[in-house]
Amino acid sequence: MKGLFQLPPRATKAGDLSLVNKLAKPAPASKGVTVRQGKGIMERIPSIRAMANRYLGQYADIYKVIQDEKELEDYITKAIEDGELAIDTETNGLDFGDMVIAGLCLYSPSQTGVYVPLNHVSYITMTKLDGQLSEQFVAEQLARLKDTKLIFFNAKFDIRVINQTLGVELIPYWDGYIGARLLNENEPDNGLKALHNKYVLKGKGESFDYGSIFKGIPFSHIPINIAYLYAAHDPVITYELYKFQEPFLTKDHPTCIERNLQGVAYVFREIEMPLINIVAQMEDTGIALDLEYARGLEEKYGQELEKVEQEFFEELAQYKDAIDQYRKQMGPACKLDERINLNSPTQLAILLYDVLGIAPVDKKSPRGTGEDILEKINIPLTRILLEYRRLQKLMSTYITKLPASLNPRTGRLHASFNQVGTDTGRFSSADPNMQNIPARNKDIRQMFVASPGYCLLSSDYSQQEPRLTAHMSRDEKMINAYKQGKDLYAEIASIAFNQPYENCLEYVNGVYSEEGYRRRQTSKAIVLGVCYGKGVPAIAEDLGITRQEAQKVYDEIMFHFPGLKQFMIESQNMARELGYVDTVWGRKRRLPNMQLEPYEFTYSGKTPTNFDPLAFDQEVSNEVPEGIKRKYSAMLDRASRSEKQRIIAQARNEGIIIKDNSSLIAEATRQCVNSRIQGSAADMTKKAMLLVGNDAQLKEWGFRLLLTVHDELIGECPKENAKQVAERFSALMIEAAKDLDVPSKCDVVITERWYGEPLEID
């Protein structure tokens, strides 16, 4: 074929799709709009054709378009014989509310890459093109693949597309994106093409960007005899990436064993891969919002925002003379509006630093107006401004945005979840970010409600991370506290403060105890500080106590709970020796900075001032002598931050460049324990999702999973089944934690809205 061009490469990161899928959806069939679109594409064809011929022209006679039913049937038959099939989809856009599948991309190892067009339209007339197969026939063929290993990249998207448009639910065998994230979560580019180029082509492939060329062109508008080349290429490189990853993620393969990746292979095969369909179903289900309640919140917070803004200007009135004087002094160059714009960093900086004369509180940002800086300035004006920003963020991010984000077809909110969205293995989410919905402000969460006739069931693990800490540290006192049904924080406080256990509880026989609360909170902050990699100064700041007070309690806890201290040491030693730490179930978190030398020395290129050209017995080398390294290292180890800069400058004058890695090492050190605990918590929650999402009894009772937020799972079921569902829900979550040496506890709350009042269930 001639006149070919290709389309943008597929997913760049988790949750990302083909760049073309990010483009505008087709405009309604209208002559005026159609002509403009057609003209736009036609004008760009020469440059598009040139790009295609350069990068994919060699595949023009290899890849094929399947436009005949018998040909597709034969292709699927052969793929079933091969036992493996790579699949990709092309769509008209990202919005599942009105998504149209443009075509299907297939590749099996004994055949060539093919494209099966389904819904391409003429970009001139907007009418469907001839020579395409019906969705019904393609669905029938896909349904034959039940026992075939299906290979994807970013499988969740393709599975949802195929399920929603063709009515077939496929079970993925391999997802190259998830495989890449498990093999190296620090990978700088997780796009299919980048990974394929790096690991399959060994960096010898050419890089190119189609995004700017195809901006504004839905895939369904691309002529079939041009689109097939790009479309058929994707499943080929998806398969090739899979074959590269396979030895590393197959637990009994010599490569997997040699690289000590059996645990990672377990997480991939037994947790992440079977979870894909659960997450896809959760996204398809979505969750309902109470729009009337949301309108009430908009009115409530809108009034509060106006009130705070008024307070700001009332407080500002006392500075009227200074502001007037500044305006007079600056004249026409004055950038202050008559009514200062609270959303303008420039105007706020002028007000704070020029008008009020406040000394900079941050050396890196001497005229900054960020929240951390406003907190440090800490005057009535900045405190009001912080409240204004808090309310404004609630309004713009949640109260007004969430109702506007409802899917018009379903009337529900369908967030996008990335099951390997963080480096520790926890979920991330977008549109909206469900992991970031404010917990302390119950108003926002109460916007989320059960479907009519249903109730919400929320279940979270009680003290999930401390229980994992007890298990991984093997500390007998911590383990016994949980086995005895005690509150771990109160038990630790009891020992650290040398007080009876009852004196360290927040409530004793229903009566609140201020002292008990304070002691428990202190021990909790220290235990969680260890989990999160916080030092004593940060813990002291969190608690509002002196460093000396925090250090004293910290030392007592470390002395009486030696397993906790040993766990910290072992985790750091593991990272230094191996370059990674692992979770209970085998997930790895790579921390290469733990293996850095504290200081790296190189010559700058100019002759060192202490170099003696007449000392012929002196060895000439590009390597800085060990004696000089030791001298500077000792000086730097004893120096303060400002003194370090002076020493490094001194060395530079002597022709030696010193790279100080201490901050990188310190940050990696803080992550050692945190990565193990947080990653294990992620694995544990995912194992619970698998049990809950696949449970036949829960399905029979009408339960469906809606959200996952850290250690919490939220679902809904018909009200009449709530009691039995709650019991089963809790039991399954506890079962997911059966590998731990400590018992787990899950509390299920039944409500009509998230964080609402519990329902009385008979």
# chains A, B, ... in the order shown; residues from 1 in each chain; ligands from 1
>>> residues_around(residues="Gln164 in chain A", least_positions_apart="5", cutoff="9 Å", atoms="only C-alpha atoms", output="list in words")
Phe96, Met99, Ile159, Glu169 and Asp284 of chain A
>>> residues_around(residues="range 442-447 of chain A", least_positions_apart="3", cutoff="9 Å", atoms="only C-alpha atoms", output="list in words")
Ala288, Leu289, Asp290, Leu291, Tyr293, Ala294, Leu297, Leu394, Tyr398, Ile399, Leu402, Ile437, Pro438, Ala439, Arg753, Trp754, Tyr755 and Gly756 of chain A
>>> write_last_selection(atoms="N, CA, C and O atoms", output="compact mmCIF listing (two decimals), in the first residue's frame")
# COMPACT_ATOMS: atom_id res chain seq x y z
N ALA A 288 -22.68 6.35 43.01
CA ALA A 288 -23.68 7.41 42.89
C ALA A 288 -23.31 8.61 43.76
O ALA A 288 -22.63 8.47 44.78
N LEU A 289 -23.77 9.79 43.34
CA LEU A 289 -23.62 11.02 44.12
C LEU A 289 -25.00 11.58 44.45
O LEU A 289 -25.93 11.46 43.64
N ASP A 290 -25.11 12.19 45.60
CA ASP A 290 -26.34 12.88 45.99
C ASP A 290 -26.23 14.32 45.50
O ASP A 290 -25.59 15.16 46.13
N LEU A 291 -26.86 14.61 44.36
CA LEU A 291 -26.72 15.93 43.75
C LEU A 291 -27.39 17.02 44.57
O LEU A 291 -26.90 18.16 44.63
N TYR A 293 -27.70 17.05 47.80
CA TYR A 293 -26.77 17.29 48.92
C TYR A 293 -25.58 18.12 48.45
O TYR A 293 -25.12 19.02 49.16
N ALA A 294 -25.07 17.81 47.24
CA ALA A 294 -23.93 18.55 46.70
C ALA A 294 -24.28 20.01 46.49
O ALA A 294 -23.45 20.91 46.75
N LEU A 297 -24.09 21.70 49.73
CA LEU A 297 -22.70 21.97 50.11
C LEU A 297 -22.14 23.17 49.35
O LEU A 297 -21.39 23.98 49.91
N LEU A 394 -11.65 22.97 48.41
CA LEU A 394 -12.79 22.08 48.58
C LEU A 394 -13.85 22.34 47.52
O LEU A 394 -14.43 21.41 46.96
N TYR A 398 -13.75 19.41 44.66
CA TYR A 398 -14.74 18.40 45.03
C TYR A 398 -16.18 18.86 44.85
O TYR A 398 -16.94 18.25 44.10
N ILE A 399 -16.56 19.92 45.54
CA ILE A 399 -17.98 20.26 45.66
C ILE A 399 -18.60 20.62 44.32
O ILE A 399 -19.73 20.20 44.02
N LEU A 402 -17.05 17.35 41.28
CA LEU A 402 -17.54 15.97 41.28
C LEU A 402 -18.89 15.83 40.59
O LEU A 402 -19.06 14.94 39.74
N ILE A 437 -9.63 12.06 48.69
CA ILE A 437 -10.86 12.66 49.19
C ILE A 437 -10.69 12.95 50.68
O ILE A 437 -10.32 12.05 51.44
N PRO A 438 -10.90 14.17 51.13
CA PRO A 438 -10.64 14.50 52.54
C PRO A 438 -11.38 13.56 53.49
O PRO A 438 -12.57 13.31 53.34
N ALA A 439 -10.63 13.04 54.48
CA ALA A 439 -11.23 12.14 55.46
C ALA A 439 -11.75 12.91 56.66
O ALA A 439 -12.78 12.55 57.24
N ARG A 753 -24.76 6.65 53.08
CA ARG A 753 -23.77 7.51 52.43
C ARG A 753 -22.43 7.31 53.13
O ARG A 753 -22.37 6.96 54.31
N TRP A 754 -21.35 7.55 52.38
CA TRP A 754 -20.00 7.36 52.92
C TRP A 754 -19.82 8.29 54.12
O TRP A 754 -20.05 9.48 54.04
N TYR A 755 -19.40 7.71 55.24
CA TYR A 755 -19.20 8.45 56.49
C TYR A 755 -20.53 8.96 57.07
O TYR A 755 -20.54 9.86 57.89
N GLY A 756 -21.62 8.37 56.62
CA GLY A 756 -22.92 8.75 57.17
C GLY A 756 -23.20 8.01 58.46
O GLY A 756 -22.39 7.21 58.95
>>> atom_distance(atom1="CA of Leu457 in chain A", atom2="CA of Asp762 in chain A")
15.2 Å
>>> select_by_dssp(residues="range 55-286 of chain A", states="helix (DSSP H, G or I)", output="VMD selection string")
chain A and resid 55 57 to 59 69 to 82 135 to 145 155 to 166 176 to 183 192 to 200 219 to 221 224 to 249 254 to 258 262 to 285
>>> closest_residue(among="A:Leu456, A:Leu192, A:Cys746, A:Val527", to="Tyr489 in chain A", atoms="only C-alpha atoms")
A:Val527
>>> residues_around(residues="Thr422 in chain A", least_positions_apart="5", cutoff="12 Å", atoms="only C-alpha atoms", output="list in words")
Lys13, Ala14, Ile178, Arg181, Leu182, Asn184, Glu185, Asn186, Phe417, Phe427, Ser428, Ser429, Gln435, Arg589, Ser675, Gln678, Gly679, Ala682 and His710 of chain A
>>> atom_distance(atom1="CA of Arg367 in chain A", atom2="CA of Arg383 in chain A")
17.2 Å
>>> residues_around(residues="Tyr266 in chain A", least_positions_apart="5", cutoff="12 Å", atoms="only C-alpha atoms", output="list in words")
Gly179, Leu182, Phe248, Leu249, Thr250, Lys251, Asp252, Cys256, Asn260, Leu261, Ile271, Glu272, Met273, Pro274, Thr583, Val584, Trp585, Gly586, Arg587, Lys588 and Asp683 of chain A
>>> write_last_selection(atoms="N, CA and C atoms", output="compact mmCIF listing (two decimals), in the first residue's frame")
# COMPACT_ATOMS: atom_id res chain seq x y z
N GLY A 179 3.74 -5.74 34.36
CA GLY A 179 5.01 -6.45 34.43
C GLY A 179 6.18 -5.50 34.56
N LEU A 182 6.42 -3.93 38.03
CA LEU A 182 6.91 -4.84 39.06
C LEU A 182 8.40 -5.13 38.90
N PHE A 248 11.55 -13.45 33.49
CA PHE A 248 11.76 -12.78 34.77
C PHE A 248 10.56 -12.95 35.71
N LEU A 249 9.39 -13.19 35.14
CA LEU A 249 8.17 -13.24 35.94
C LEU A 249 7.51 -14.62 35.93
N THR A 250 8.28 -15.64 35.62
CA THR A 250 7.82 -17.03 35.68
C THR A 250 8.62 -17.72 36.78
N LYS A 251 7.97 -18.07 37.88
CA LYS A 251 8.68 -18.41 39.13
C LYS A 251 9.63 -19.59 39.01
N ASP A 252 9.36 -20.55 38.10
CA ASP A 252 10.26 -21.70 37.99
C ASP A 252 11.25 -21.57 36.83
N CYS A 256 14.34 -16.21 36.43
CA CYS A 256 13.60 -15.69 37.59
C CYS A 256 14.28 -16.12 38.89
N ASN A 260 16.43 -13.84 41.74
CA ASN A 260 15.68 -13.80 43.00
C ASN A 260 14.37 -13.03 42.85
N LEU A 261 13.63 -13.38 41.80
CA LEU A 261 12.38 -12.70 41.49
C LEU A 261 11.15 -13.57 41.72
N ILE A 271 -1.57 -11.99 42.38
CA ILE A 271 -2.25 -10.80 42.91
C ILE A 271 -2.62 -9.83 41.81
N GLU A 272 -1.63 -9.31 41.11
CA GLU A 272 -1.90 -8.21 40.17
C GLU A 272 -2.71 -8.64 38.95
N MET A 273 -2.33 -9.75 38.32
CA MET A 273 -3.05 -10.13 37.11
C MET A 273 -4.51 -10.49 37.36
N PRO A 274 -4.83 -11.33 38.35
CA PRO A 274 -6.26 -11.62 38.57
C PRO A 274 -7.04 -10.43 39.08
N THR A 583 8.37 -6.99 50.49
CA THR A 583 7.17 -7.04 51.32
C THR A 583 6.94 -8.46 51.82
N VAL A 584 5.92 -8.63 52.62
CA VAL A 584 5.58 -9.95 53.15
C VAL A 584 5.38 -10.95 52.02
N TRP A 585 4.75 -10.50 50.94
CA TRP A 585 4.40 -11.42 49.85
C TRP A 585 5.37 -11.39 48.68
N GLY A 586 6.46 -10.62 48.78
CA GLY A 586 7.51 -10.71 47.78
C GLY A 586 7.66 -9.55 46.82
N ARG A 587 6.80 -8.54 46.91
CA ARG A 587 6.97 -7.35 46.06
C ARG A 587 8.29 -6.66 46.44
N LYS A 588 8.98 -6.12 45.44
CA LYS A 588 10.23 -5.43 45.72
C LYS A 588 10.09 -3.93 45.53
N ASP A 683 -0.42 -5.11 49.20
CA ASP A 683 -0.64 -6.51 48.80
C ASP A 683 -1.80 -7.13 49.57
>>> closest_residue(among="A:Met395, A:Leu356, A:Ile377, A:Ala79", to="Gly302 in chain A", atoms="only C-alpha atoms")
A:Met395
>>> residues_around(residues="Gln566 in chain A", least_positions_apart="6", cutoff="12 Å", atoms="only C-alpha atoms", output="ChimeraX atom specification")
/A:469-470,472-475,530,558-560,572-574,673
>>> write_last_selection(atoms="C-alpha atoms", output="short mmCIF file (atom, residue, chain, number, x, y, z; two decimals), in the first residue's frame")
data_model
loop_
_atom_site.label_atom_id
_atom_site.label_comp_id
_atom_site.auth_asym_id
_atom_site.auth_seq_id
_atom_site.Cartn_x
_atom_site.Cartn_y
_atom_site.Cartn_z
CA THR A 469 5.05 -3.97 61.58
CA ALA A 470 4.54 -6.44 64.44
CA MET A 472 7.64 -8.24 60.05
CA SER A 473 9.62 -7.16 63.12
CA ARG A 474 8.84 -10.43 64.91
CA ASP A 475 8.75 -8.48 68.16
CA VAL A 530 9.02 4.37 62.40
CA MET A 558 13.25 0.95 71.20
CA PHE A 559 14.66 -0.52 74.40
CA HIS A 560 11.54 -2.42 75.41
CA GLN A 572 18.36 -0.72 55.92
CA ASN A 573 21.01 -3.43 55.67
CA MET A 574 18.91 -5.28 53.09
CA VAL A 673 10.82 0.42 56.51
#
>>> atom_distance(atom1="CA of Asn119 in chain A", atom2="CA of Tyr107 in chain A")
20.0 Å
>>> closest_residue(among="A:Leu142, A:Leu664, A:Cys455, A:Leu381", to="Glu760 in chain A", atoms="only C-alpha atoms")
A:Cys455
>>> closest_residue(among="A:Ala317, A:Glu309, A:Glu720, A:Asn418", to="Leu386 in chain A", atoms="only C-alpha atoms")
A:Glu309
>>> residues_around(residues="range 692-696 of chain A", least_positions_apart="2", cutoff="8 Å", atoms="only C-alpha atoms", output="list in words")
Ile278, Ala688, Met689, Leu690, Leu698, Lys699, Glu700, Arg704, Leu705, Phe729, Leu732 and Met733 of chain A
>>> write_last_selection(atoms="N, CA and C atoms", output="PDB file, in the first residue's frame")
ATOM      1  N   ILE A 278     -11.270  -7.383  38.352  1.00  0.00           N
ATOM      2  CA  ILE A 278     -11.989  -6.837  39.505  1.00  0.00           C
ATOM      3  C   ILE A 278     -12.004  -5.314  39.424  1.00  0.00           C
ATOM      4  N   ALA A 688      -7.434  -9.027  49.598  1.00  0.00           N
ATOM      5  CA  ALA A 688      -8.811  -8.924  50.082  1.00  0.00           C
ATOM      6  C   ALA A 688      -9.765  -8.596  48.935  1.00  0.00           C
ATOM      7  N   MET A 689      -9.347  -7.705  48.043  1.00  0.00           N
ATOM      8  CA  MET A 689     -10.191  -7.355  46.890  1.00  0.00           C
ATOM      9  C   MET A 689     -10.472  -8.572  46.030  1.00  0.00           C
ATOM     10  N   LEU A 690      -9.469  -9.435  45.860  1.00  0.00           N
ATOM     11  CA  LEU A 690      -9.660 -10.646  45.061  1.00  0.00           C
ATOM     12  C   LEU A 690     -10.692 -11.565  45.698  1.00  0.00           C
ATOM     13  N   LEU A 698     -21.242 -13.522  47.870  1.00  0.00           N
ATOM     14  CA  LEU A 698     -21.487 -12.079  47.847  1.00  0.00           C
ATOM     15  C   LEU A 698     -22.196 -11.668  46.555  1.00  0.00           C
ATOM     16  N   LYS A 699     -21.793 -12.265  45.451  1.00  0.00           N
ATOM     17  CA  LYS A 699     -22.444 -11.950  44.176  1.00  0.00           C
ATOM     18  C   LYS A 699     -23.920 -12.344  44.220  1.00  0.00           C
ATOM     19  N   GLU A 700     -24.198 -13.496  44.812  1.00  0.00           N
ATOM     20  CA  GLU A 700     -25.583 -13.963  44.901  1.00  0.00           C
ATOM     21  C   GLU A 700     -26.427 -13.000  45.732  1.00  0.00           C
ATOM     22  N   ARG A 704     -21.603  -5.504  45.231  1.00  0.00           N
ATOM     23  CA  ARG A 704     -20.656  -5.098  44.200  1.00  0.00           C
ATOM     24  C   ARG A 704     -19.667  -4.100  44.791  1.00  0.00           C
ATOM     25  N   LEU A 705     -18.410  -4.294  44.426  1.00  0.00           N
ATOM     26  CA  LEU A 705     -17.329  -3.450  44.924  1.00  0.00           C
ATOM     27  C   LEU A 705     -17.342  -2.116  44.187  1.00  0.00           C
ATOM     28  N   PHE A 729     -18.242 -10.117  54.218  1.00  0.00           N
ATOM     29  CA  PHE A 729     -17.283  -9.096  53.803  1.00  0.00           C
ATOM     30  C   PHE A 729     -16.111  -9.058  54.787  1.00  0.00           C
ATOM     31  N   LEU A 732     -13.925 -12.315  54.802  1.00  0.00           N
ATOM     32  CA  LEU A 732     -13.034 -12.449  53.652  1.00  0.00           C
ATOM     33  C   LEU A 732     -11.815 -11.538  53.781  1.00  0.00           C
ATOM     34  N   MET A 733     -12.018 -10.332  54.287  1.00  0.00           N
ATOM     35  CA  MET A 733     -10.883  -9.434  54.476  1.00  0.00           C
ATOM     36  C   MET A 733      -9.919 -10.002  55.516  1.00  0.00           C
TER      37      MET A 733
END
>>> residues_around(residues="Asp555 in chain A", least_positions_apart="2", cutoff="12 Å", atoms="only C-alpha atoms", output="list in words")
Ile495, Ala496, Phe497, Ser523, Ile526, Val527, Val536, Arg547, Gln548, Glu549, Ala550, Gln551, Lys552, Val553, Ile557, Met558, Phe559, His560, Phe561, Pro562, Leu564 and Lys565 of chain A
>>> write_last_selection(atoms="C-alpha atoms", output="mmCIF file, in the first residue's frame")
data_model
loop_
_atom_site.group_PDB
_atom_site.id
_atom_site.type_symbol
_atom_site.label_atom_id
_atom_site.label_comp_id
_atom_site.auth_asym_id
_atom_site.auth_seq_id
_atom_site.Cartn_x
_atom_site.Cartn_y
_atom_site.Cartn_z
ATOM 1 C CA ILE A 495 5.615 0.081 78.947
ATOM 2 C CA ALA A 496 7.263 3.287 77.732
ATOM 3 C CA PHE A 497 5.638 5.465 80.435
ATOM 4 C CA SER A 523 3.386 6.040 71.356
ATOM 5 C CA ILE A 526 6.464 7.070 67.348
ATOM 6 C CA VAL A 527 5.336 3.688 65.990
ATOM 7 C CA VAL A 536 12.529 12.144 66.202
ATOM 8 C CA ARG A 547 12.729 16.887 70.854
ATOM 9 C CA GLN A 548 14.065 15.842 74.236
ATOM 10 C CA GLU A 549 10.634 14.595 75.320
ATOM 11 C CA ALA A 550 10.111 12.741 72.057
ATOM 12 C CA GLN A 551 13.628 11.276 72.177
ATOM 13 C CA LYS A 552 13.087 9.973 75.707
ATOM 14 C CA VAL A 553 9.899 8.097 74.772
ATOM 15 C CA ILE A 557 10.146 2.115 73.047
ATOM 16 C CA MET A 558 13.255 0.951 71.201
ATOM 17 C CA PHE A 559 14.664 -0.516 74.401
ATOM 18 C CA HIS A 560 11.542 -2.422 75.410
ATOM 19 C CA PHE A 561 10.579 -3.463 71.850
ATOM 20 C CA PRO A 562 13.931 -4.629 70.426
ATOM 21 C CA LEU A 564 11.168 -2.935 66.173
ATOM 22 C CA LYS A 565 14.682 -1.513 66.260
#
>>> closest_residue(among="A:Ala722, A:Ile492, A:Leu707, A:Leu691", to="Ala737 in chain A", atoms="only C-alpha atoms")
A:Leu691
>>> decode(residues="range 418-441 of chain A", atoms="N, CA, C and O atoms", output="mmCIF file, in the first residue's frame")
data_model
loop_
_atom_site.group_PDB
_atom_site.id
_atom_site.type_symbol
_atom_site.label_atom_id
_atom_site.label_comp_id
_atom_site.auth_asym_id
_atom_site.auth_seq_id
_atom_site.Cartn_x
_atom_site.Cartn_y
_atom_site.Cartn_z
ATOM 1 N N ASN A 418 -5.529 2.963 39.083
ATOM 2 C CA ASN A 418 -4.288 2.344 38.613
ATOM 3 C C ASN A 418 -3.742 1.491 39.743
ATOM 4 O O ASN A 418 -3.278 2.004 40.752
ATOM 5 N N GLN A 419 -3.772 0.171 39.578
ATOM 6 C CA GLN A 419 -3.428 -0.723 40.678
ATOM 7 C C GLN A 419 -1.947 -0.752 40.995
ATOM 8 O O GLN A 419 -1.546 -1.248 42.059
ATOM 9 N N VAL A 420 -1.108 -0.228 40.126
ATOM 10 C CA VAL A 420 0.323 -0.094 40.431
ATOM 11 C C VAL A 420 0.725 1.368 40.238
ATOM 12 O O VAL A 420 1.783 1.680 39.705
ATOM 13 N N GLY A 421 -0.125 2.249 40.702
ATOM 14 C CA GLY A 421 0.092 3.675 40.473
ATOM 15 C C GLY A 421 1.166 4.292 41.331
ATOM 16 O O GLY A 421 1.653 5.386 41.029
ATOM 17 N N THR A 422 1.551 3.639 42.431
ATOM 18 C CA THR A 422 2.621 4.158 43.275
ATOM 19 C C THR A 422 3.770 3.162 43.291
ATOM 20 O O THR A 422 3.593 1.973 43.009
ATOM 21 N N ASP A 423 4.956 3.647 43.659
ATOM 22 C CA ASP A 423 6.142 2.794 43.630
ATOM 23 C C ASP A 423 6.110 1.705 44.686
ATOM 24 O O ASP A 423 6.821 0.701 44.571
ATOM 25 N N THR A 424 5.301 1.877 45.725
ATOM 26 C CA THR A 424 5.203 0.845 46.758
ATOM 27 C C THR A 424 4.131 -0.192 46.444
ATOM 28 O O THR A 424 3.980 -1.167 47.180
ATOM 29 N N GLY A 425 3.372 0.013 45.367
ATOM 30 C CA GLY A 425 2.348 -0.955 44.984
ATOM 31 C C GLY A 425 0.945 -0.562 45.347
ATOM 32 O O GLY A 425 0.005 -1.292 45.044
ATOM 33 N N ARG A 426 0.786 0.606 45.994
ATOM 34 C CA ARG A 426 -0.562 1.036 46.347
ATOM 35 C C ARG A 426 -1.285 1.572 45.118
ATOM 36 O O ARG A 426 -0.674 1.963 44.124
ATOM 37 N N PHE A 427 -2.606 1.602 45.214
ATOM 38 C CA PHE A 427 -3.438 2.171 44.161
ATOM 39 C C PHE A 427 -3.229 3.679 44.070
ATOM 40 O O PHE A 427 -2.956 4.351 45.069
ATOM 41 N N SER A 428 -3.372 4.180 42.875
ATOM 42 C CA SER A 428 -3.613 5.606 42.676
ATOM 43 C C SER A 428 -4.904 5.698 41.876
ATOM 44 O O SER A 428 -5.368 4.706 41.322
ATOM 45 N N SER A 429 -5.494 6.869 41.839
ATOM 46 C CA SER A 429 -6.738 7.016 41.075
ATOM 47 C C SER A 429 -6.839 8.435 40.540
ATOM 48 O O SER A 429 -6.148 9.350 41.011
ATOM 49 N N ALA A 430 -7.682 8.597 39.559
ATOM 50 C CA ALA A 430 -7.851 9.904 38.930
ATOM 51 C C ALA A 430 -9.288 10.059 38.462
ATOM 52 O O ALA A 430 -10.011 9.087 38.261
ATOM 53 N N ASP A 431 -9.660 11.309 38.303
ATOM 54 C CA ASP A 431 -10.993 11.668 37.757
ATOM 55 C C ASP A 431 -12.171 11.061 38.512
ATOM 56 O O ASP A 431 -13.017 10.410 37.908
ATOM 57 N N PRO A 432 -12.289 11.252 39.843
ATOM 58 C CA PRO A 432 -11.399 12.023 40.716
ATOM 59 C C PRO A 432 -10.363 11.128 41.396
ATOM 60 O O PRO A 432 -10.420 9.897 41.291
ATOM 61 N N ASN A 433 -9.453 11.778 42.119
ATOM 62 C CA ASN A 433 -8.474 11.050 42.916
ATOM 63 C C ASN A 433 -9.141 10.599 44.216
ATOM 64 O O ASN A 433 -9.221 11.349 45.179
ATOM 65 N N MET A 434 -9.615 9.366 44.229
ATOM 66 C CA MET A 434 -10.347 8.867 45.385
ATOM 67 C C MET A 434 -9.447 8.656 46.596
ATOM 68 O O MET A 434 -9.912 8.612 47.730
ATOM 69 N N GLN A 435 -8.136 8.503 46.356
ATOM 70 C CA GLN A 435 -7.212 8.327 47.475
ATOM 71 C C GLN A 435 -7.010 9.633 48.238
ATOM 72 O O GLN A 435 -6.410 9.639 49.310
ATOM 73 N N ASN A 436 -7.483 10.726 47.661
ATOM 74 C CA ASN A 436 -7.219 12.039 48.243
ATOM 75 C C ASN A 436 -8.490 12.755 48.699
ATOM 76 O O ASN A 436 -8.451 13.939 49.020
ATOM 77 N N ILE A 437 -9.630 12.060 48.691
ATOM 78 C CA ILE A 437 -10.864 12.664 49.187
ATOM 79 C C ILE A 437 -10.689 12.946 50.683
ATOM 80 O O ILE A 437 -10.316 12.049 51.437
ATOM 81 N N PRO A 438 -10.899 14.172 51.128
ATOM 82 C CA PRO A 438 -10.645 14.502 52.538
ATOM 83 C C PRO A 438 -11.377 13.564 53.489
ATOM 84 O O PRO A 438 -12.573 13.312 53.339
ATOM 85 N N ALA A 439 -10.629 13.036 54.475
ATOM 86 C CA ALA A 439 -11.229 12.139 55.463
ATOM 87 C C ALA A 439 -11.755 12.907 56.661
ATOM 88 O O ALA A 439 -12.779 12.548 57.243
ATOM 89 N N ARG A 440 -11.053 13.964 57.041
ATOM 90 C CA ARG A 440 -11.470 14.716 58.220
ATOM 91 C C ARG A 440 -12.723 15.539 57.949
ATOM 92 O O ARG A 440 -13.530 15.774 58.837
ATOM 93 N N ASN A 441 -12.854 16.001 56.717
ATOM 94 C CA ASN A 441 -14.050 16.749 56.353
ATOM 95 C C ASN A 441 -15.097 15.758 55.847
ATOM 96 O O ASN A 441 -15.086 15.363 54.689
#
